[in-house]
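Next up, start-v2.csv (CSV, C-alpha atoms and all ligand atoms):
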chain,number,residue,atom,x,y,z
A,1,MET,CA,15.1,16.4,-5.3
A,2,GLU,CA,12.2,18.4,-6.6
A,3,LEU,CA,8.6,17.9,-7.7
A,4,ARG,CA,7.6,18.8,-11.2
A,5,LYS,CA,4.1,18.6,-12.6
A,6,ASP,CA,3.5,17.3,-16.1
A,7,PRO,CA,1.1,20.0,-17.6
A,8,ILE,CA,-0.5,17.4,-19.9
A,9,THR,CA,-1.3,14.5,-17.6
A,10,ARG,CA,-1.3,16.8,-14.5
A,11,SER,CA,0.7,14.2,-12.5
A,12,TRP,CA,3.6,15.1,-10.2
A,13,VAL,CA,7.0,13.4,-10.6
A,14,ILE,CA,9.9,13.5,-8.2
A,15,THR,CA,13.2,14.1,-9.9
A,16,GLY,CA,16.8,15.0,-9.2
A,17,ASP,CA,20.4,14.0,-10.1
A,18,LEU,CA,21.5,11.5,-7.5
A,19,PRO,CA,25.3,11.4,-7.0
A,20,ASP,CA,26.9,8.2,-8.5
A,21,THR,CA,28.4,7.1,-5.2
A,22,GLN,CA,26.9,3.7,-4.1
A,23,ARG,CA,25.5,3.5,-0.6
A,24,GLN,CA,28.1,1.8,1.6
A,25,ALA,CA,26.8,-1.7,2.6
A,26,GLU,CA,26.8,-2.0,6.3
A,27,PRO,CA,27.8,-5.3,8.0
A,28,PHE,CA,24.6,-5.3,10.1
A,29,CYS,CA,20.9,-4.7,9.6
A,30,LYS,CA,19.9,-1.3,10.9
A,31,PHE,CA,16.3,-2.3,11.4
A,32,CYS,CA,17.0,-5.2,13.8
A,33,PRO,CA,16.4,-4.5,17.5
A,34,GLU,CA,20.1,-5.4,18.3
A,35,SER,CA,21.5,-3.1,15.6
A,36,PRO,CA,24.5,-1.1,16.9
A,37,LYS,CA,23.3,1.9,14.9
A,38,GLN,CA,19.7,2.5,15.7
A,39,PRO,CA,17.5,4.5,13.3
A,40,GLN,CA,15.5,7.4,14.6
A,41,VAL,CA,12.3,5.8,16.0
A,42,ILE,CA,9.0,7.6,15.5
A,43,SER,CA,6.5,5.1,16.9
A,44,THR,CA,6.6,1.6,18.5
A,45,MET,CA,4.0,-1.1,18.9
A,46,ALA,CA,4.0,-3.3,22.0
A,47,SER,CA,5.4,-6.8,21.6
A,48,VAL,CA,2.8,-9.6,21.1
A,49,ASN,CA,5.1,-12.5,20.7
A,50,TYR,CA,8.8,-12.1,21.2
A,51,GLY,CA,11.3,-9.2,20.9
A,52,PRO,CA,11.2,-5.8,22.5
A,53,TRP,CA,8.4,-4.6,20.1
A,54,SER,CA,6.2,-6.0,17.4
A,55,ALA,CA,6.4,-3.3,14.7
A,56,ARG,CA,7.8,0.2,14.6
A,57,ALA,CA,8.1,3.3,12.4
A,58,VAL,CA,11.5,4.8,11.9
A,59,VAL,CA,12.9,7.7,9.8
A,60,HIS,CA,13.9,6.4,6.3
A,61,PRO,CA,17.8,6.4,6.3
A,62,ASP,CA,17.9,7.8,2.8
A,63,PRO,CA,14.6,9.8,2.4
A,64,LEU,CA,13.3,11.1,-0.9
A,65,TYR,CA,11.1,13.6,0.9
A,66,HIS,CA,12.1,15.9,3.8
A,67,VAL,CA,9.7,16.9,6.4
A,68,GLU,CA,10.9,20.4,7.2
A,69,GLY,CA,9.8,23.6,5.5
A,70,ASP,CA,7.3,24.8,3.1
A,71,PRO,CA,6.8,23.2,-0.4
A,72,GLY,CA,7.2,26.7,-2.0
A,73,ARG,CA,5.0,25.8,-4.9
A,74,ARG,CA,5.6,28.2,-7.8
A,75,GLY,CA,5.3,28.6,-11.5
A,76,VAL,CA,8.2,28.5,-14.0
A,77,GLY,CA,6.7,29.7,-17.2
A,78,LEU,CA,3.8,27.3,-17.8
A,79,TYR,CA,5.3,24.7,-15.5
A,80,ASP,CA,4.7,24.0,-11.8
A,81,ILE,CA,7.5,23.1,-9.4
A,82,MET,CA,7.7,22.5,-5.6
A,83,ARG,CA,10.3,21.3,-3.1
A,84,ALA,CA,10.1,17.6,-2.1
A,85,VAL,CA,8.6,18.4,1.2
A,86,GLY,CA,7.0,15.3,2.8
A,87,ALA,CA,7.5,12.5,5.3
A,88,HIS,CA,9.3,9.3,4.4
A,89,GLU,CA,9.4,6.6,7.0
A,90,VAL,CA,10.2,2.9,7.1
A,91,LEU,CA,7.6,0.7,8.7
A,92,VAL,CA,9.4,-2.2,10.2
A,93,GLU,CA,6.8,-5.0,10.0
A,94,ASN,CA,8.4,-7.3,12.6
A,95,ALA,CA,11.3,-7.3,15.1
A,96,ARG,CA,12.6,-10.5,13.6
A,97,HIS,CA,14.8,-10.2,10.6
A,98,ASP,CA,13.6,-13.4,9.0
A,99,ARG,CA,9.9,-13.1,9.7
A,100,GLN,CA,8.0,-11.8,6.7
A,101,LEU,CA,4.3,-10.8,6.7
A,102,TRP,CA,3.2,-14.1,5.3
A,103,MET,CA,5.0,-16.0,8.0
A,104,ALA,CA,3.9,-13.9,11.0
A,105,THR,CA,1.0,-14.6,13.3
A,106,ASP,CA,-2.3,-12.8,12.7
A,107,ALA,CA,-1.7,-10.9,16.0
A,108,GLU,CA,1.7,-9.7,14.8
A,109,ILE,CA,0.3,-8.6,11.4
A,110,GLU,CA,-2.6,-6.8,13.2
A,111,GLN,CA,0.0,-4.8,15.2
A,112,PHE,CA,1.7,-3.8,12.0
A,113,LEU,CA,-1.6,-2.7,10.4
A,114,LEU,CA,-2.5,-0.7,13.6
A,115,LEU,CA,0.9,1.0,13.3
A,116,CYS,CA,0.1,1.9,9.6
A,117,ALA,CA,-3.2,3.3,10.8
A,118,ALA,CA,-1.6,5.3,13.6
A,119,ARG,CA,1.1,6.8,11.3
A,120,ILE,CA,-1.5,7.7,8.6
A,121,GLN,CA,-3.6,9.5,11.2
A,122,ASP,CA,-0.6,11.3,12.7
A,123,LEU,CA,0.7,12.4,9.3
A,124,LYS,CA,-2.8,13.6,8.3
A,125,ASN,CA,-2.7,16.0,11.3
A,126,ASP,CA,0.0,17.9,9.3
A,127,HIS,CA,-2.1,20.2,7.1
A,128,ARG,CA,0.7,20.5,4.5
A,129,PHE,CA,0.1,16.9,3.5
A,130,LYS,CA,-2.7,16.0,1.1
A,131,TYR,CA,-2.1,12.3,0.9
A,132,VAL,CA,-0.4,9.5,2.8
A,133,SER,CA,0.8,6.4,0.9
A,134,VAL,CA,1.7,3.0,2.5
A,135,PHE,CA,3.4,0.6,0.1
A,136,LYS,CA,5.7,-2.5,0.0
A,137,ASP,CA,8.1,-3.5,-2.7
A,138,GLN,CA,8.8,-7.2,-2.2
A,139,GLY,CA,11.5,-9.1,-4.2
A,140,ALA,CA,14.3,-8.1,-6.5
A,141,LEU,CA,12.0,-7.5,-9.5
A,142,ALA,CA,10.0,-5.1,-7.4
A,143,GLY,CA,12.9,-3.0,-6.3
A,144,GLN,CA,13.0,-4.2,-2.7
A,145,GLU,CA,15.2,-1.8,-0.7
A,146,PHE,CA,16.0,-3.6,2.5
A,147,ASP,CA,16.4,-7.2,3.6
A,148,HIS,CA,14.5,-6.7,6.9
A,149,PRO,CA,10.7,-7.1,6.5
A,150,THR,CA,9.6,-3.5,5.9
A,151,SER,CA,7.0,-1.4,4.2
A,152,GLN,CA,7.3,2.4,3.7
A,153,ILE,CA,5.1,5.3,4.3
A,154,VAL,CA,5.2,8.6,2.4
A,155,ALA,CA,3.2,11.8,3.1
A,156,THR,CA,3.0,14.1,0.1
A,157,THR,CA,1.8,17.7,-0.6
A,158,PHE,CA,-0.1,16.3,-3.6
A,159,VAL,CA,-2.4,13.3,-4.3
A,160,PRO,CA,-0.6,10.6,-6.4
A,161,ARG,CA,-2.0,10.1,-9.9
A,162,ARG,CA,-3.7,6.8,-9.6
A,163,VAL,CA,-5.5,7.7,-6.4
A,164,LEU,CA,-6.6,10.9,-8.1
A,165,TYR,CA,-8.1,8.9,-11.0
A,166,GLU,CA,-9.9,6.7,-8.5
A,167,LEU,CA,-11.2,9.7,-6.5
A,168,ARG,CA,-12.6,11.4,-9.6
A,169,ALA,CA,-14.2,8.2,-10.9
A,170,ALA,CA,-15.7,7.4,-7.5
A,171,ARG,CA,-17.1,11.0,-7.1
A,172,GLU,CA,-18.6,10.8,-10.6
A,173,HIS,CA,-20.3,7.5,-10.0
A,174,TYR,CA,-21.7,8.8,-6.7
A,175,ALA,CA,-22.9,12.0,-8.4
A,176,HIS,CA,-25.0,9.9,-10.8
A,177,LYS,CA,-26.2,7.1,-8.6
A,178,GLU,CA,-25.6,8.1,-5.0
A,179,ARG,CA,-23.8,4.9,-4.4
A,180,CYS,CA,-20.2,4.0,-3.8
A,181,VAL,CA,-18.7,2.4,-7.0
A,182,PHE,CA,-16.6,0.0,-4.9
A,183,CYS,CA,-19.6,-1.2,-3.0
A,184,ASP,CA,-21.4,-1.7,-6.3
A,185,ILE,CA,-18.5,-3.7,-7.6
A,186,LEU,CA,-18.5,-5.8,-4.5
A,187,VAL,CA,-22.2,-6.6,-4.8
A,188,GLN,CA,-21.8,-7.8,-8.4
A,189,GLU,CA,-18.6,-9.7,-7.7
A,190,MET,CA,-20.1,-11.5,-4.6
A,191,GLN,CA,-23.0,-12.6,-6.9
A,192,ALA,CA,-20.8,-13.8,-9.7
A,193,ARG,CA,-18.1,-15.3,-7.4
A,194,ASP,CA,-15.8,-16.1,-10.3
A,195,ARG,CA,-13.2,-13.4,-9.4
A,196,ILE,CA,-13.5,-13.9,-5.6
A,197,ILE,CA,-10.5,-15.5,-4.0
A,198,GLU,CA,-11.6,-15.6,-0.4
A,199,VAL,CA,-14.1,-13.9,2.0
A,200,ARG,CA,-13.0,-13.6,5.6
A,201,GLY,CA,-15.2,-11.8,8.1
A,202,ASP,CA,-15.8,-8.3,6.9
A,203,PHE,CA,-13.1,-8.5,4.1
A,204,VAL,CA,-12.8,-9.9,0.6
A,205,ALA,CA,-9.8,-10.8,-1.6
A,206,CYS,CA,-10.6,-10.8,-5.4
A,207,CYS,CA,-9.1,-10.2,-8.8
A,208,PRO,CA,-10.2,-7.0,-10.5
A,209,TYR,CA,-12.4,-7.3,-13.6
A,210,ALA,CA,-9.8,-5.5,-15.8
A,211,PRO,CA,-6.4,-6.4,-14.3
A,212,ARG,CA,-3.1,-4.5,-15.1
A,213,VAL,CA,-0.9,-7.6,-14.6
A,214,PRO,CA,-1.5,-11.4,-14.2
A,215,TYR,CA,-2.8,-12.2,-10.7
A,216,GLU,CA,-3.5,-8.6,-9.7
A,217,THR,CA,-5.4,-8.9,-6.4
A,218,TRP,CA,-7.4,-6.4,-4.3
A,219,ILE,CA,-8.5,-6.7,-0.7
A,220,LEU,CA,-11.4,-4.6,0.4
A,221,PRO,CA,-13.7,-4.2,3.4
A,222,THR,CA,-17.2,-5.4,2.6
A,223,THR,CA,-18.6,-2.7,4.9
A,224,HIS,CA,-18.3,0.7,3.3
A,225,SER,CA,-15.4,2.8,4.7
A,226,ALA,CA,-13.4,5.6,3.0
A,227,HIS,CA,-10.6,5.8,5.6
A,228,PHE,CA,-8.4,2.8,6.5
A,229,GLU,CA,-7.4,4.4,9.7
A,230,ARG,CA,-11.0,4.9,10.8
A,231,THR,CA,-11.8,1.2,10.1
A,232,ALA,CA,-8.7,0.2,12.1
A,233,THR,CA,-9.9,2.1,15.2
A,234,SER,CA,-13.6,1.5,14.8
A,235,LYS,CA,-13.6,-1.4,17.4
A,236,PRO,CA,-11.1,-3.6,19.1
A,237,GLY,CA,-9.9,-6.4,16.7
A,238,ALA,CA,-11.4,-4.6,13.7
A,239,LEU,CA,-8.4,-5.7,11.6
A,240,ARG,CA,-7.9,-9.2,12.9
A,241,ASP,CA,-9.7,-10.8,9.9
A,242,PHE,CA,-8.0,-8.4,7.6
A,243,ALA,CA,-4.6,-9.5,9.0
A,244,ALA,CA,-5.4,-13.2,8.4
A,245,LEU,CA,-6.7,-12.5,4.9
A,246,LEU,CA,-3.7,-10.5,4.0
A,247,ARG,CA,-1.3,-13.2,5.2
A,248,ARG,CA,-3.3,-16.0,3.4
A,249,THR,CA,-3.5,-13.9,0.2
A,250,LEU,CA,0.3,-13.2,0.2
A,251,ASN,CA,0.9,-16.9,0.5
A,252,ARG,CA,-1.3,-17.5,-2.5
A,253,ILE,CA,0.5,-14.8,-4.5
A,254,ARG,CA,3.8,-16.4,-3.5
A,255,SER,CA,2.7,-19.6,-5.2
A,256,VAL,CA,2.9,-17.6,-8.5
A,257,THR,CA,5.8,-15.2,-7.8
A,258,GLU,CA,8.0,-13.9,-5.0
A,259,SER,CA,8.0,-10.4,-6.3
A,260,PHE,CA,5.1,-8.0,-5.9
A,261,HIS,CA,4.1,-4.4,-5.1
A,262,LEU,CA,1.5,-3.8,-2.5
A,263,VAL,CA,-0.2,-0.5,-2.0
A,264,LEU,CA,-2.8,0.8,0.4
A,265,HIS,CA,-5.3,3.2,-1.1
A,266,THR,CA,-7.2,5.2,1.5
A,267,ALA,CA,-9.0,8.6,1.4
A,268,PRO,CA,-6.7,11.7,1.1
A,269,ASN,CA,-6.3,14.2,3.9
A,270,THR,CA,-9.8,15.7,4.2
A,271,MET,CA,-8.5,18.3,6.7
A,272,ARG,CA,-6.6,19.8,3.7
A,273,LYS,CA,-9.2,21.3,1.5
A,274,THR,CA,-8.6,23.0,-1.8
A,275,LYS,CA,-11.0,24.5,-4.3
A,276,ILE,CA,-9.4,22.8,-7.3
A,277,LEU,CA,-10.1,19.2,-6.0
A,278,ASN,CA,-13.6,19.6,-4.9
A,279,TYR,CA,-14.2,16.0,-3.8
A,280,TRP,CA,-14.8,16.5,-0.1
A,281,ARG,CA,-18.5,16.9,0.2
A,282,THR,CA,-19.2,13.2,-0.6
A,283,ILE,CA,-15.8,11.6,-0.1
A,284,ASP,CA,-16.9,9.7,3.0
A,285,ASP,CA,-19.7,8.1,1.0
A,286,ASP,CA,-18.0,7.8,-2.4
A,287,TYR,CA,-14.5,6.5,-1.7
A,288,HIS,CA,-13.7,3.0,-0.3
A,289,TRP,CA,-10.3,2.0,1.0
A,290,HIS,CA,-8.5,-1.1,-0.3
A,291,ILE,CA,-5.2,-2.8,-0.8
A,292,GLU,CA,-3.9,-3.6,-4.3
A,293,ILE,CA,-1.3,-6.3,-4.8
A,294,VAL,CA,0.5,-6.2,-8.2
A,295,PRO,CA,2.6,-9.3,-8.7
A,296,ILE,CA,5.6,-9.2,-11.0
A,297,LEU,CA,6.2,-12.3,-13.2
A,298,THR,CA,9.6,-12.5,-14.7
A,299,SER,CA,8.6,-13.9,-18.0
A,300,LYS,CA,5.8,-11.4,-18.4
A,301,ALA,CA,7.5,-8.3,-17.1
A,302,LYS,CA,8.6,-7.1,-20.5
A,303,SER,CA,5.3,-7.6,-22.2
A,304,TYR,CA,3.5,-4.8,-20.4
A,305,THR,CA,6.1,-2.5,-19.0
A,306,PHE,CA,6.6,-0.3,-22.0
A,307,LYS,CA,3.1,-0.6,-23.5
A,308,GLU,CA,0.5,2.1,-23.5
A,309,VAL,CA,-2.2,-0.5,-22.9
A,310,TYR,CA,-1.9,-3.1,-20.1
A,311,TYR,CA,-1.8,-6.6,-21.6
A,312,THR,CA,-2.6,-9.5,-19.3
A,313,PRO,CA,-2.2,-13.0,-20.7
A,314,VAL,CA,-4.2,-14.5,-17.7
A,315,THR,CA,-7.8,-13.4,-17.2
A,316,SER,CA,-8.9,-12.5,-13.7
A,317,GLU,CA,-11.3,-15.4,-13.7
A,318,SER,CA,-8.4,-17.9,-14.3
A,319,ALA,CA,-6.2,-16.0,-11.9
A,320,ALA,CA,-8.8,-16.2,-9.1
A,321,ALA,CA,-9.4,-19.9,-9.8
A,322,ARG,CA,-5.7,-20.7,-9.4
A,323,LEU,CA,-5.3,-18.4,-6.4
A,324,ARG,CA,-8.3,-20.0,-4.7
A,325,GLU,CA,-6.6,-23.4,-4.9
A,326,ALA,CA,-3.2,-22.1,-3.9
A,327,PRO,CA,-1.7,-22.8,-0.4
A,328,THR,CA,-2.5,-20.2,2.3
A,329,GLU,CA,-0.2,-21.3,5.1
A,330,TYR,CA,3.5,-21.0,5.5
A,331,ASN,CA,5.5,-23.8,7.2
A,332,SER,CA,8.8,-23.6,9.0
A,333,LEU,CA,10.5,-25.8,6.4
A,334,GLY,CA,10.6,-22.6,4.3
A,335,SER,CA,7.9,-23.3,1.9
A,336,THR,CA,4.2,-22.7,1.7
A,337,THR,CA,2.1,-25.8,2.4
A,338,TRP,CA,-1.1,-26.9,0.7
A,339,ALA,CA,-2.9,-27.6,4.0
A,340,ARG,CA,-5.8,-25.3,4.8
A,401,ZN,ZN,17.1,-6.9,10.4
A,402,ZN,ZN,-18.1,1.5,-0.6
A,403,ZN,ZN,-6.8,1.6,-5.7

Could you take the file, read its structure, and then write that structure out as structure tokens?
Ligand SMILES: [Zn+2]
Ligand SMILES: [Zn+2]
Ligand SMILES: [Zn+2]
Amino acid sequence: MELRKDPITRSWVITGDLPDTQRQAEPFCKFCPESPKQPQVISTMASVNYGPWSARAVVHPDPLYHVEGDPGRRGVGLYDIMRAVGAHEVLVENARHDRQLWMATDAEIEQFLLLCAARIQDLKNDHRFKYVSVFKDQGALAGQEFDHPTSQIVATTFVPRRVLYELRAAREHYAHKERCVFCDILVQEMQARDRIIEVRGDFVACCPYAPRVPYETWILPTTHSAHFERTATSKPGALRDFAALLRRTLNRIRSVTESFHLVLHTAPNTMRKTKILNYWRTIDDDYHWHIEIVPILTSKAKSYTFKEVYYTPVTSESAAARLREAPTEYNSLGSTTWAR
């Protein structure tokens, strides 16, 4: 695997020829606590319910990035290339194989979120890494990799393209107005209310004004904060409302589709300063962490995948209205109930 930079869009891609051999299916789940073949454990969160632990980070069994060595960034003619140096871990969300995030208790989800924060902080201590991504691909349409409830974390020697766009836009907005663009959006959305799904404590779930896909949903803290991991450790229980809102929002999304991508956008590694990306002087004030949930609807998948312009046949006002009415609680019968 190697990283190549597109000289036109300036985005890095990871590429390599994978051998055709299929990964051998194992007769057991390697992420379950009782697995006979335990993965290499990086960090474990204490149990809050049952099982030996509540959530834990393990080395990805088939990593795209490798943690050893120097990226060796160099030029090949006009192109840029570097080795796929990075960290690639699986974040096991729950010890139980059949307990997805939207079924878990708020305390369990909180433990998982604290694990995310701890891993982000730890990986940012490695000065080679400019950015740490946490994401979840749920459902066959989203390219889900494992049956066990898991997310993944990747630390990279570059800032991914979409985050870079956000950082540049946030910095520009701040340079003109001395205000955070996300805070400005929140003020306007809280007044209009028509794209708000739910407010819970210090957090809000809403549909963005210009969605990429039907039912795209963001969750943001209403109090300004650029770094997820700093919010997480700001006070005990800081993420409890966020855990509840995430669980309730995922249940709402699941009333529309079982497949979605979820990604956490937080500030890049500010310990890793470079001259080219001069966004560190105001970053604590101009950037604002958030979660983006991008649902995948079978029938609509084709209509936007290969288009240059995102096309969304449901406005975010209609999407928010439907999601507001959707069920938020999961019941043991295996379906989401409409009770509050
Ligand atoms: Zn399992
Ligand atoms: Zn803000
Ligand atoms: Zn974002």

Cut-off 9 Å: closest segment 205-267 of chain A/segment 115-132 of chain A atom pairs per residue, using all atoms listed in the file, as a tab-separated table:
residue	atom	partner	partner_atom	distance
A:Phe228	CA	A:Ala117	CA	6.8
A:Glu229	CA	A:Ala117	CA	4.5
A:Arg230	CA	A:Ala117	CA	8.0
A:Thr231	CA	A:Ala117	CA	8.9
A:Ala232	CA	A:Ala117	CA	6.4
A:Thr233	CA	A:Ala117	CA	8.1
A:His265	CA	A:Val132	CA	8.9
A:Thr266	CA	A:Val132	CA	8.1
A:Ala267	CA	A:Tyr131	CA	7.8

Kindly work out which residues sit at most 8 Å from ligand ZN 402 (chain A), using all atoms listed in the file, and give the list as a list in words.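 Answer in the requested format: Arg179, Cys180, Val181, Phe182, Cys183, Asp184, Thr222, Thr223, His224, Ser225, Ala226, Asp285, Asp286, Tyr287, His288 and Trp289 of chain A.
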
Contacts of Glu110 of chain A within 10 Å, all atoms listed in the file, excl. fewer than 6 positions in-chain, as a count of residues only: 15

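Using all atoms listed in the file as the basis for the distance check, residues found within 10 Å of ligand ZN 401 (chain A) are Phe28, Cys29, Lys30, Phe31, Cys32, Pro33, Glu34, Ser35, Val92, Asn94, Ala95, Arg96, His97, Asp98, Arg99, Phe146, Asp147, His148, Pro149 and Thr150 of chain A.
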
Counting only C-alpha atoms and all ligand atoms, what residues are within 10 Å of ligand ZN 403 (chain A), given as a ChimeraX atom specification? /A:162-167,182,218-220,263-266,287-293

Which distance in Å separates atom CA of Pro36 of chain A and atom CA of Leu91 of chain A, to one decimal? 18.9 Å

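When atom CA of Met271 of chain A is paired with atom CA of His176 of chain A, their separation reads 25.5 Å.
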
Which residues, written as number ranges by chain, have at least one atom at most 6 Å from Ala57 of chain A, with only C-alpha atoms counted and residues fewer than 6 positions away on the same chain left out? A: 42-43, 90-91

In Å to one decimal, how far is atom CA of Asp62 of chain A from atom CA of Glu26 of chain A?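 We find that atom CA of Glu26 of chain A and atom CA of Asp62 of chain A lie 13.7 Å from each other.
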
Tell me which of A:Gln188, A:Gln152, A:Ser133, A:Thr105 sits closest to Asn49 of chain A, counting only C-alpha atoms.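 Closest residue, counting only C-alpha atoms: A:Thr105.
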
I'd like the neighbourhood of Pro211 of chain A as JSON, numbers by chain, where a residue qualifies if any of its atoms comes within 8 Å (using all atoms listed in the file), though same-chain residues fewer than 4 positions away should be ignored. {"A": [207, 215, 216, 312, 315, 316]}

Using all atoms listed in the file, what residues lie at most 10 Å away from (-0.5, -15.9, 4.3) (file coordinates), given as a list in words?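 Taken together, the residues in range are Gln100, Leu101, Trp102, Met103, Ala104, Thr105, Asp106, Ala243, Ala244, Leu245, Leu246, Arg247, Arg248, Thr249, Leu250, Asn251, Arg252, Ile253, Arg254, Pro327, Thr328, Glu329, Tyr330 and Thr336 of chain A.
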
Selected residues written out with C-alpha atoms, as a PDB file, in the coordinates of the input:
ATOM      1  CA  GLN A 100       8.000 -11.800   6.700  1.00  0.00           C
ATOM      2  CA  LEU A 101       4.300 -10.800   6.700  1.00  0.00           C
ATOM      3  CA  TRP A 102       3.200 -14.100   5.300  1.00  0.00           C
ATOM      4  CA  MET A 103       5.000 -16.000   8.000  1.00  0.00           C
ATOM      5  CA  ALA A 104       3.900 -13.900  11.000  1.00  0.00           C
ATOM      6  CA  THR A 105       1.000 -14.600  13.300  1.00  0.00           C
ATOM      7  CA  ASP A 106      -2.300 -12.800  12.700  1.00  0.00           C
ATOM      8  CA  ALA A 243      -4.600  -9.500   9.000  1.00  0.00           C
ATOM      9  CA  ALA A 244      -5.400 -13.200   8.400  1.00  0.00           C
ATOM     10  CA  LEU A 245      -6.700 -12.500   4.900  1.00  0.00           C
ATOM     11  CA  LEU A 246      -3.700 -10.500   4.000  1.00  0.00           C
ATOM     12  CA  ARG A 247      -1.300 -13.200   5.200  1.00  0.00           C
ATOM     13  CA  ARG A 248      -3.300 -16.000   3.400  1.00  0.00           C
ATOM     14  CA  THR A 249      -3.500 -13.900   0.200  1.00  0.00           C
ATOM     15  CA  LEU A 250       0.300 -13.200   0.200  1.00  0.00           C
ATOM     16  CA  ASN A 251       0.900 -16.900   0.500  1.00  0.00           C
ATOM     17  CA  ARG A 252      -1.300 -17.500  -2.500  1.00  0.00           C
ATOM     18  CA  ILE A 253       0.500 -14.800  -4.500  1.00  0.00           C
ATOM     19  CA  ARG A 254       3.800 -16.400  -3.500  1.00  0.00           C
ATOM     20  CA  PRO A 327      -1.700 -22.800  -0.400  1.00  0.00           C
ATOM     21  CA  THR A 328      -2.500 -20.200   2.300  1.00  0.00           C
ATOM     22  CA  GLU A 329      -0.200 -21.300   5.100  1.00  0.00           C
ATOM     23  CA  TYR A 330       3.500 -21.000   5.500  1.00  0.00           C
ATOM     24  CA  THR A 336       4.200 -22.700   1.700  1.00  0.00           C
TER      25      THR A 336
END

Can you list, as a ChimeraX atom specification, every protein, DNA or RNA residue that comes within 7 Å of segment 78-81 of chain A when you count all atoms listed in the file, leaving out same-chain residues fewer than 6 positions away? /A:3-5,7

Identify which of the residues A:Phe158, A:Ile197, A:Gln138, A:His173 lies closest to Asn269 of chain A, counting only C-alpha atoms when measuring atom-to-atom distances. A:Phe158

Residue with smallest distance to Gly72 of chain A - pool A:Asp17, A:Asp202, A:Glu2, A:Glu145, counting all atoms listed in the file: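 Among the listed residues, the smallest separation from Gly72 of chain A belongs to A:Glu2.
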